[in-house]
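For reference, query-v5.cif is printed below; it contains mmCIF, C-alpha atoms.
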data_model
#
loop_
_atom_site.group_PDB
_atom_site.id
_atom_site.type_symbol
_atom_site.label_atom_id
_atom_site.label_comp_id
_atom_site.auth_asym_id
_atom_site.auth_seq_id
_atom_site.Cartn_x
_atom_site.Cartn_y
_atom_site.Cartn_z
ATOM 1 C CA MET A 1 -113.501 -11.438 45.524
ATOM 2 C CA GLY A 2 -110.733 -9.165 46.770
ATOM 3 C CA ILE A 3 -109.679 -5.877 45.325
ATOM 4 C CA ARG A 4 -107.111 -5.911 42.555
ATOM 5 C CA LYS A 5 -105.157 -2.703 43.024
ATOM 6 C CA PRO A 6 -105.942 0.279 45.230
ATOM 7 C CA ALA A 7 -106.104 3.678 43.534
ATOM 8 C CA TRP A 8 -102.942 4.970 45.195
ATOM 9 C CA LEU A 9 -100.982 1.944 43.959
ATOM 10 C CA GLU A 10 -102.204 2.478 40.412
ATOM 11 C CA ALA A 11 -101.128 6.112 40.654
ATOM 12 C CA LEU A 12 -97.742 5.143 42.058
ATOM 13 C CA PHE A 13 -97.123 2.917 39.042
ATOM 14 C CA ASN A 14 -98.691 5.025 36.289
ATOM 15 C CA GLN A 15 -97.959 8.631 37.235
ATOM 16 C CA LYS A 16 -95.058 10.376 35.473
ATOM 17 C CA TYR A 17 -92.244 11.504 37.719
ATOM 18 C CA PHE A 18 -89.252 13.812 37.249
ATOM 19 C CA GLN A 19 -91.114 15.940 34.739
ATOM 20 C CA ALA A 20 -91.780 19.660 35.054
ATOM 21 C CA CYS A 21 -94.861 20.600 37.029
ATOM 22 C CA THR A 22 -97.321 22.518 34.860
ATOM 23 C CA ILE A 23 -98.644 24.467 37.856
ATOM 24 C CA HIS A 24 -95.182 25.740 38.823
ATOM 25 C CA ALA A 25 -93.679 25.868 35.350
ATOM 26 C CA ASN A 26 -91.749 29.088 36.086
ATOM 27 C CA SER A 27 -90.311 27.918 39.410
ATOM 28 C CA LYS A 28 -86.991 26.290 40.049
ATOM 29 C CA LYS A 29 -86.805 22.674 41.245
ATOM 30 C CA ASN A 30 -90.268 21.942 39.884
ATOM 31 C CA GLU A 31 -89.774 18.275 39.028
ATOM 32 C CA LYS A 32 -92.597 16.049 40.204
ATOM 33 C CA ASN A 33 -90.973 13.588 42.578
ATOM 34 C CA ILE A 34 -93.737 13.079 45.149
ATOM 35 C CA CYS A 35 -96.816 10.870 45.037
ATOM 36 C CA CYS A 36 -99.807 12.055 47.036
ATOM 37 C CA VAL A 37 -101.412 8.852 48.289
ATOM 38 C CA ASP A 38 -104.714 10.578 49.087
ATOM 39 C CA CYS A 39 -105.071 12.477 45.798
ATOM 40 C CA CYS A 40 -103.439 9.747 43.668
ATOM 41 C CA ILE A 41 -101.380 12.251 41.682
ATOM 42 C CA SER A 42 -97.744 13.201 41.324
ATOM 43 C CA ILE A 43 -96.726 16.616 42.642
ATOM 44 C CA CYS A 44 -93.616 18.771 42.850
ATOM 45 C CA PRO A 45 -92.005 20.195 46.021
ATOM 46 C CA HIS A 46 -93.840 23.495 45.496
ATOM 47 C CA CYS A 47 -97.189 21.657 45.686
ATOM 48 C CA VAL A 48 -96.442 20.124 49.084
ATOM 49 C CA HIS A 49 -97.955 23.119 50.872
ATOM 50 C CA PHE A 50 -101.382 22.280 49.430
ATOM 51 C CA HIS A 51 -101.028 18.595 50.391
ATOM 52 C CA ARG A 52 -99.324 19.047 53.759
ATOM 53 C CA PHE A 53 -102.046 17.072 55.596
ATOM 54 C CA HIS A 54 -102.044 14.207 53.078
ATOM 55 C CA ARG A 55 -99.981 11.047 52.946
ATOM 56 C CA LEU A 56 -96.940 11.796 50.805
ATOM 57 C CA LEU A 57 -94.480 9.351 49.296
ATOM 58 C CA GLN A 58 -91.222 10.631 47.852
ATOM 59 C CA VAL A 59 -90.042 8.996 44.624
ATOM 60 C CA ARG A 60 -86.323 8.926 43.943
ATOM 61 C CA ARG A 61 -84.210 8.165 40.893
ATOM 62 C CA TYR A 62 -81.642 5.394 40.726
ATOM 63 C CA VAL A 63 -80.032 4.054 37.541
ATOM 64 C CA TYR A 64 -82.746 5.715 35.413
ATOM 65 C CA HIS A 65 -85.495 3.943 37.362
ATOM 66 C CA ASP A 66 -87.991 5.115 39.979
ATOM 67 C CA VAL A 67 -87.353 3.895 43.510
ATOM 68 C CA VAL A 68 -88.953 4.491 46.919
ATOM 69 C CA ARG A 69 -87.498 4.129 50.371
ATOM 70 C CA LEU A 70 -88.302 0.715 51.800
ATOM 71 C CA GLU A 71 -89.115 2.223 55.199
ATOM 72 C CA ASP A 72 -91.816 4.452 53.701
ATOM 73 C CA LEU A 73 -93.274 1.884 51.335
ATOM 74 C CA GLU A 74 -93.606 -0.809 53.984
ATOM 75 C CA ARG A 75 -96.060 1.404 55.853
ATOM 76 C CA LEU A 76 -98.467 0.991 52.928
ATOM 77 C CA ILE A 77 -97.826 -2.504 51.597
ATOM 78 C CA ASP A 78 -95.905 -5.655 52.498
ATOM 79 C CA CYS A 79 -92.558 -5.578 50.677
ATOM 80 C CA SER A 80 -91.184 -8.904 51.845
ATOM 81 C CA ASN A 81 -89.248 -10.958 49.296
ATOM 82 C CA VAL A 82 -88.546 -7.803 47.254
ATOM 83 C CA GLN A 83 -84.828 -7.172 46.860
ATOM 84 C CA ALA A 84 -83.756 -3.823 48.279
ATOM 85 C CA TYR A 85 -80.733 -1.730 47.390
ATOM 86 C CA THR A 86 -78.800 0.674 49.592
ATOM 87 C CA ILE A 87 -78.529 4.276 48.381
ATOM 88 C CA ASN A 88 -77.114 6.996 50.628
ATOM 89 C CA SER A 89 -77.414 4.771 53.702
ATOM 90 C CA ALA A 90 -81.102 4.109 52.981
ATOM 91 C CA LYS A 91 -82.694 0.972 51.549
ATOM 92 C CA VAL A 92 -84.857 1.471 48.468
ATOM 93 C CA VAL A 93 -86.915 -0.780 46.189
ATOM 94 C CA PHE A 94 -87.693 -0.389 42.524
ATOM 95 C CA LEU A 95 -91.279 0.383 41.575
ATOM 96 C CA LYS A 96 -91.552 -1.145 38.116
ATOM 97 C CA LYS A 97 -90.322 -4.236 36.368
ATOM 98 C CA ARG A 98 -86.825 -4.373 34.948
ATOM 99 C CA PRO A 99 -86.853 -7.116 32.322
ATOM 100 C CA GLN A 100 -83.611 -8.911 31.701
ATOM 101 C CA ASN A 101 -83.345 -11.366 28.817
ATOM 102 C CA ARG A 102 -81.422 -14.509 29.622
ATOM 103 C CA GLN A 103 -80.944 -17.416 27.278
ATOM 104 C CA PHE A 104 -79.625 -19.786 29.904
ATOM 105 C CA LYS A 105 -80.394 -19.781 33.591
ATOM 106 C CA GLY A 106 -77.863 -20.930 36.088
ATOM 107 C CA ALA A 107 -78.231 -21.743 39.734
ATOM 108 C CA GLY A 108 -79.594 -19.024 41.992
ATOM 109 C CA ASN A 109 -82.642 -16.877 42.545
ATOM 110 C CA TYR A 110 -84.453 -15.169 39.692
ATOM 111 C CA CYS A 111 -87.302 -12.686 39.642
ATOM 112 C CA THR A 112 -90.713 -14.263 39.188
ATOM 113 C CA SER A 113 -91.597 -11.794 36.412
ATOM 114 C CA CYS A 114 -88.386 -10.389 34.916
ATOM 115 C CA ASP A 115 -85.969 -13.334 35.142
ATOM 116 C CA ARG A 116 -83.495 -10.962 36.732
ATOM 117 C CA SER A 117 -80.805 -12.527 38.871
ATOM 118 C CA LEU A 118 -81.408 -11.813 42.563
ATOM 119 C CA GLN A 119 -79.752 -12.468 45.864
ATOM 120 C CA GLU A 120 -81.150 -15.024 48.238
ATOM 121 C CA PRO A 121 -83.814 -15.165 49.619
ATOM 122 C CA PHE A 122 -85.480 -12.556 47.364
ATOM 123 C CA ILE A 123 -87.765 -13.596 44.505
ATOM 124 C CA HIS A 124 -89.015 -10.167 43.277
ATOM 125 C CA CYS A 125 -86.835 -7.425 41.796
ATOM 126 C CA SER A 126 -89.466 -4.683 42.186
ATOM 127 C CA LEU A 127 -92.750 -3.890 43.850
ATOM 128 C CA GLY A 128 -94.541 -4.213 40.521
ATOM 129 C CA CYS A 129 -93.253 -7.774 40.118
ATOM 130 C CA LYS A 130 -94.575 -8.765 43.515
ATOM 131 C CA VAL A 131 -97.975 -7.189 42.891
ATOM 132 C CA ASP A 132 -98.322 -9.081 39.608
ATOM 133 C CA PHE A 133 -97.219 -12.303 41.298
ATOM 134 C CA VAL A 134 -99.750 -11.919 44.123
ATOM 135 C CA LEU A 135 -102.627 -11.072 41.771
ATOM 136 C CA LYS A 136 -101.761 -13.993 39.533
ATOM 137 C CA HIS A 137 -101.614 -16.595 42.296
ATOM 138 C CA TYR A 138 -103.845 -15.194 45.042
ATOM 139 C CA ARG A 139 -106.047 -12.710 43.141
ATOM 140 C CA ASP A 140 -106.241 -10.535 46.224
ATOM 141 C CA LEU A 141 -103.947 -7.834 47.589
ATOM 142 C CA THR A 142 -105.906 -7.228 50.789
ATOM 143 C CA PRO A 143 -103.699 -9.352 53.078
ATOM 144 C CA PHE A 144 -100.632 -7.450 51.873
ATOM 145 C CA LEU A 145 -102.006 -3.926 52.319
ATOM 146 C CA ARG A 146 -101.390 -2.087 55.580
ATOM 147 C CA VAL A 147 -103.325 0.604 57.365
ATOM 148 C CA CYS A 148 -101.451 3.898 57.311
ATOM 149 C CA THR A 149 -103.087 7.115 58.487
ATOM 150 C CA THR A 150 -100.097 9.451 58.322
ATOM 151 C CA LEU A 151 -97.110 9.433 55.997
ATOM 152 C CA GLN A 152 -94.813 12.434 55.860
ATOM 153 C CA LEU A 153 -91.727 13.155 53.805
ATOM 154 C CA GLY A 154 -88.365 12.071 55.122
ATOM 155 C CA PRO A 155 -85.996 14.371 57.025
ATOM 156 C CA ASP A 156 -83.653 14.534 54.039
ATOM 157 C CA PHE A 157 -86.291 16.123 51.830
ATOM 158 C CA ILE A 158 -85.318 19.686 50.853
ATOM 159 C CA PHE A 159 -88.172 22.144 50.527
ATOM 160 C CA PRO A 160 -87.644 24.810 47.852
ATOM 161 C CA ASN A 161 -87.290 28.453 48.792
ATOM 162 C CA ASP A 162 -90.426 30.193 47.496
ATOM 163 C CA THR A 163 -89.378 33.639 48.705
ATOM 164 C CA GLY A 164 -87.404 34.316 45.535
ATOM 165 C CA ASP A 165 -84.070 34.683 47.292
ATOM 166 C CA ASP A 166 -82.471 32.442 44.705
ATOM 167 C CA ASP A 167 -82.900 35.174 42.087
ATOM 168 C CA VAL A 168 -81.221 37.850 44.199
ATOM 169 C CA THR A 169 -77.562 38.327 43.454
ATOM 170 C CA ASN A 170 -75.389 37.619 46.444
ATOM 171 C CA GLU A 171 -73.115 40.300 47.809
ATOM 172 C CA THR A 172 -69.491 40.356 46.808
ATOM 173 C CA PRO A 173 -67.394 38.064 49.011
ATOM 174 C CA HIS A 174 -65.323 39.816 51.629
ATOM 175 C CA SER A 175 -62.119 38.551 50.073
ATOM 176 C CA THR A 176 -62.756 40.593 46.909
ATOM 177 C CA ILE A 177 -63.816 43.822 48.605
ATOM 178 C CA VAL A 178 -61.210 46.572 48.722
ATOM 179 C CA ASP A 179 -60.592 47.561 52.311
ATOM 180 C CA SER A 180 -60.667 51.251 53.140
ATOM 181 C CA ASP A 181 -60.580 53.224 56.358
ATOM 182 C CA ASP A 182 -63.117 55.765 55.061
ATOM 183 C CA PRO A 183 -66.098 54.292 53.205
ATOM 184 C CA MET A 184 -66.641 55.751 49.744
ATOM 185 C CA SER A 185 -69.965 57.374 48.995
ATOM 186 C CA SER A 186 -72.077 55.407 46.520
ATOM 187 C CA GLY A 187 -73.347 58.627 44.963
ATOM 188 C CA SER A 188 -69.972 59.851 43.682
ATOM 189 C CA GLY A 189 -69.238 58.485 40.240
ATOM 190 C CA SER A 190 -65.935 60.246 39.390
ATOM 191 C CA PHE A 191 -62.596 60.865 40.974
ATOM 192 C CA GLY A 192 -61.877 64.377 42.218
ATOM 193 C CA SER A 193 -58.639 66.180 42.789
ATOM 194 C CA GLU A 194 -58.830 65.534 46.483
ATOM 195 C CA THR A 195 -56.427 63.125 48.061
ATOM 196 C CA MET A 196 -57.782 59.605 48.168
ATOM 197 C CA SER A 197 -56.267 56.715 50.029
ATOM 198 C CA ILE A 198 -56.415 53.352 48.301
ATOM 199 C CA MET A 199 -55.604 50.133 50.053
ATOM 200 C CA CYS A 200 -54.276 47.485 47.742
ATOM 201 C CA THR A 201 -53.183 43.931 48.115
ATOM 202 C CA GLY A 202 -50.082 42.737 46.316
ATOM 203 C CA PHE A 203 -47.721 39.818 46.121
ATOM 204 C CA VAL A 204 -44.092 40.320 47.116
ATOM 205 C CA ARG A 205 -41.536 37.688 46.302
ATOM 206 C CA LYS A 206 -38.924 36.892 48.844
ATOM 207 C CA LYS A 207 -35.516 36.482 47.265
ATOM 208 C CA ARG A 208 -34.216 33.860 49.649
ATOM 209 C CA SER A 209 -37.184 31.521 50.035
ATOM 210 C CA GLY A 210 -38.636 31.969 46.548
ATOM 211 C CA LEU A 211 -42.154 32.006 48.019
ATOM 212 C CA TYR A 212 -44.916 34.507 47.471
ATOM 213 C CA THR A 213 -46.343 36.306 50.461
ATOM 214 C CA CYS A 214 -49.261 38.666 50.608
ATOM 215 C CA GLU A 215 -48.600 42.085 52.082
ATOM 216 C CA ARG A 216 -50.708 45.225 52.298
ATOM 217 C CA PHE A 217 -49.362 48.599 51.272
ATOM 218 C CA SER A 218 -50.927 52.031 51.005
ATOM 219 C CA SER A 219 -50.347 54.505 48.215
ATOM 220 C CA LYS A 220 -51.395 58.143 48.144
ATOM 221 C CA VAL A 221 -52.731 59.329 44.809
ATOM 222 C CA HIS A 222 -53.582 63.000 44.438
ATOM 223 C CA SER A 223 -55.141 63.100 40.990
ATOM 224 C CA GLU A 224 -55.919 61.002 37.921
ATOM 225 C CA GLU A 225 -52.658 62.081 36.227
ATOM 226 C CA ASP A 226 -50.607 61.121 39.266
ATOM 227 C CA MET A 227 -52.415 57.772 39.379
ATOM 228 C CA ALA A 228 -51.636 57.026 35.733
ATOM 229 C CA THR A 229 -48.039 58.150 36.153
ATOM 230 C CA SER A 230 -47.497 56.075 39.263
ATOM 231 C CA MET A 231 -49.060 52.986 37.681
ATOM 232 C CA SER A 232 -46.935 53.161 34.506
ATOM 233 C CA ARG A 233 -43.690 54.378 36.068
ATOM 234 C CA ARG A 234 -40.672 52.127 35.478
ATOM 235 C CA LYS A 235 -37.484 51.802 37.325
ATOM 236 C CA GLY A 236 -34.954 54.221 35.855
ATOM 237 C CA ILE A 237 -31.400 53.484 34.741
ATOM 238 C CA PRO A 238 -29.058 53.519 37.728
ATOM 239 C CA GLN A 239 -26.515 56.307 37.688
ATOM 240 C CA ARG A 240 -23.127 56.471 39.324
ATOM 241 C CA SER A 241 -22.409 58.921 42.019
ATOM 242 C CA PRO A 242 -20.295 61.919 40.947
ATOM 243 C CA MET A 243 -16.575 61.381 41.245
ATOM 244 C CA CYS A 244 -14.824 63.511 43.747
#

Represent the supplied structure as structure tokens.
Amino acid sequence: MGIRKPAWLEALFNQKYFQACTIHANSKKNEKNICCVDCCISICPHCVHFHRFHRLLQVRRYVYHDVVRLEDLERLIDCSNVQAYTINSAKVVFLKKRPQNRQFKGAGNYCTSCDRSLQEPFIHCSLGCKVDFVLKHYRDLTPFLRVCTTLQLGPDFIFPNDTGDDDVTNETPHSTIVDSDDPMSSGSGSFGSETMSIMCTGFVRKKRSGLYTCERFSSKVHSEEDMATSMSRRKGIPQRSPMC
């Protein structure tokens, strides 16, 4: 009498994925999207460090269903006759059944468990459908299981940054920093009466082309009053030259 389902396969089907990890509840990107084949539990990217020597299987999300890369899954179990789908240049297979009610069946292939329409020559729409089919007809999964000693995450897996750099505010972009020949001291909080050079960036409209060009100009401001006066000063009314 062969085995029915190995423990890792039961965990792959029954564990909850894409839920917050209770161990790393206060961390970012803490969704559990990895199945540890050796521990038979679902873990988040922050838990990978404690399972780095275990066989890990990344679970992905596609159309609100859990999928696994075909390349990774085939190292553990035979996935022949299971229809695969291409996502981001990688073939994936669904883990669980996807029932589809049909009143009338036409010509073509249909899933052995879900009656879902499939492409030829596939007869299973998910790994779960094939497992149920094999257990129903052969009552033994042993011939379909494969020996796998090492199984690491794919190269596209992004490990979270645990150093806390995500919480640090980035510096102001260079494009928004006011350029100055003499750096201003961070300890001075008020303007003095001393002469201060301010470099500004403005837009000047060319009369002929009608386009806006960016030019730099320098203005000398001697005090706060001069600054306010120069900022609010308007062009005066033109006056005629005295008649001779």

For stretch 93-102 of chain A: contacts at 6 Å, all atoms listed in the file, fewer than 4 positions along chain excluded, given as a compact mmCIF listing (two decimals) with C-alpha atoms, in the coordinates of the input:
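Generated output (result.txt):
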# COMPACT_ATOMS: atom_id res chain seq x y z
CA ASP A 66 -87.99 5.12 39.98
CA VAL A 67 -87.35 3.90 43.51
CA VAL A 68 -88.95 4.49 46.92
CA LEU A 70 -88.30 0.72 51.80
CA ALA A 84 -83.76 -3.82 48.28
CA CYS A 114 -88.39 -10.39 34.92
CA ARG A 116 -83.50 -10.96 36.73
CA SER A 126 -89.47 -4.68 42.19
CA LEU A 127 -92.75 -3.89 43.85
CA GLY A 128 -94.54 -4.21 40.52
CA CYS A 129 -93.25 -7.77 40.12

Any idea what the distance is between atom CA of A:Val82 and atom CA of A:Glu31?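 Rounded to one decimal, the two atoms are 27.4 Å apart.
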
Selected by the PyMOL selection byres ((chain A and resi 11) around 9) in the shown coordinates: which residues, as a list in words? Pro6, Ala7, Trp8, Leu9, Glu10, Leu12, Phe13, Asn14, Gln15, Cys35, Cys36, Val37, Cys40, Ile41 and Ser42 of chain A

Which residue of A:Thr86, A:Asp78, A:Asn109, A:Phe18 approaches A:Pro143 most closely, using only C-alpha atoms: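 Selected residue with least distance to A:Pro143: A:Asp78.
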
Quick one: distance from atom CA of A:Ile34 to atom CA of A:Tyr17 in Å, one decimal?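 Between atom CA of A:Ile34 and atom CA of A:Tyr17 the gap is 7.7 Å.
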
Taking the file as shown, find all residues satisfying the PyMOL selection byres ((chain A and resi 19) around 9) and write them as a list of chain:residue names.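 Answer for the PyMOL selection byres ((chain A and resi 19) around 9): A:Lys16, A:Tyr17, A:Phe18, A:Ala20, A:Cys21, A:Asn30, A:Glu31, A:Lys32, A:Asn33, A:Cys44.
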
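The space separating atom CA of A:Val134 from atom CA of A:Ile87 comes to 27.0 Å.
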
Give as a list in words the set of residues within 8 Å of the point (-102.7, 1.3, 55.6), where distances use the file's coordinates and all atoms listed in the file.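 Residues satisfying the cut-off, written out: Arg75, Leu76, Ile77, Leu145, Arg146, Val147, Cys148 and Thr149 of chain A.
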
Might you pull out every residue within 8 Å of stretch 150-163 of chain A, with all atoms listed in the file counted and same-chain residues fewer than 3 positions away left off, and present them as a list in words?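 Close residues of stretch 150-163 of chain A: Lys28, Lys29, Pro45, His46, His54, Arg55, Leu56, Leu57, Gln58, Asp72 and Asp166 of chain A.
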
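Proximity ranking of A:Cys39, A:Leu141, A:Asn81, A:Val92 relative to A:Val59 places A:Val92 first, based on all atoms listed in the file.
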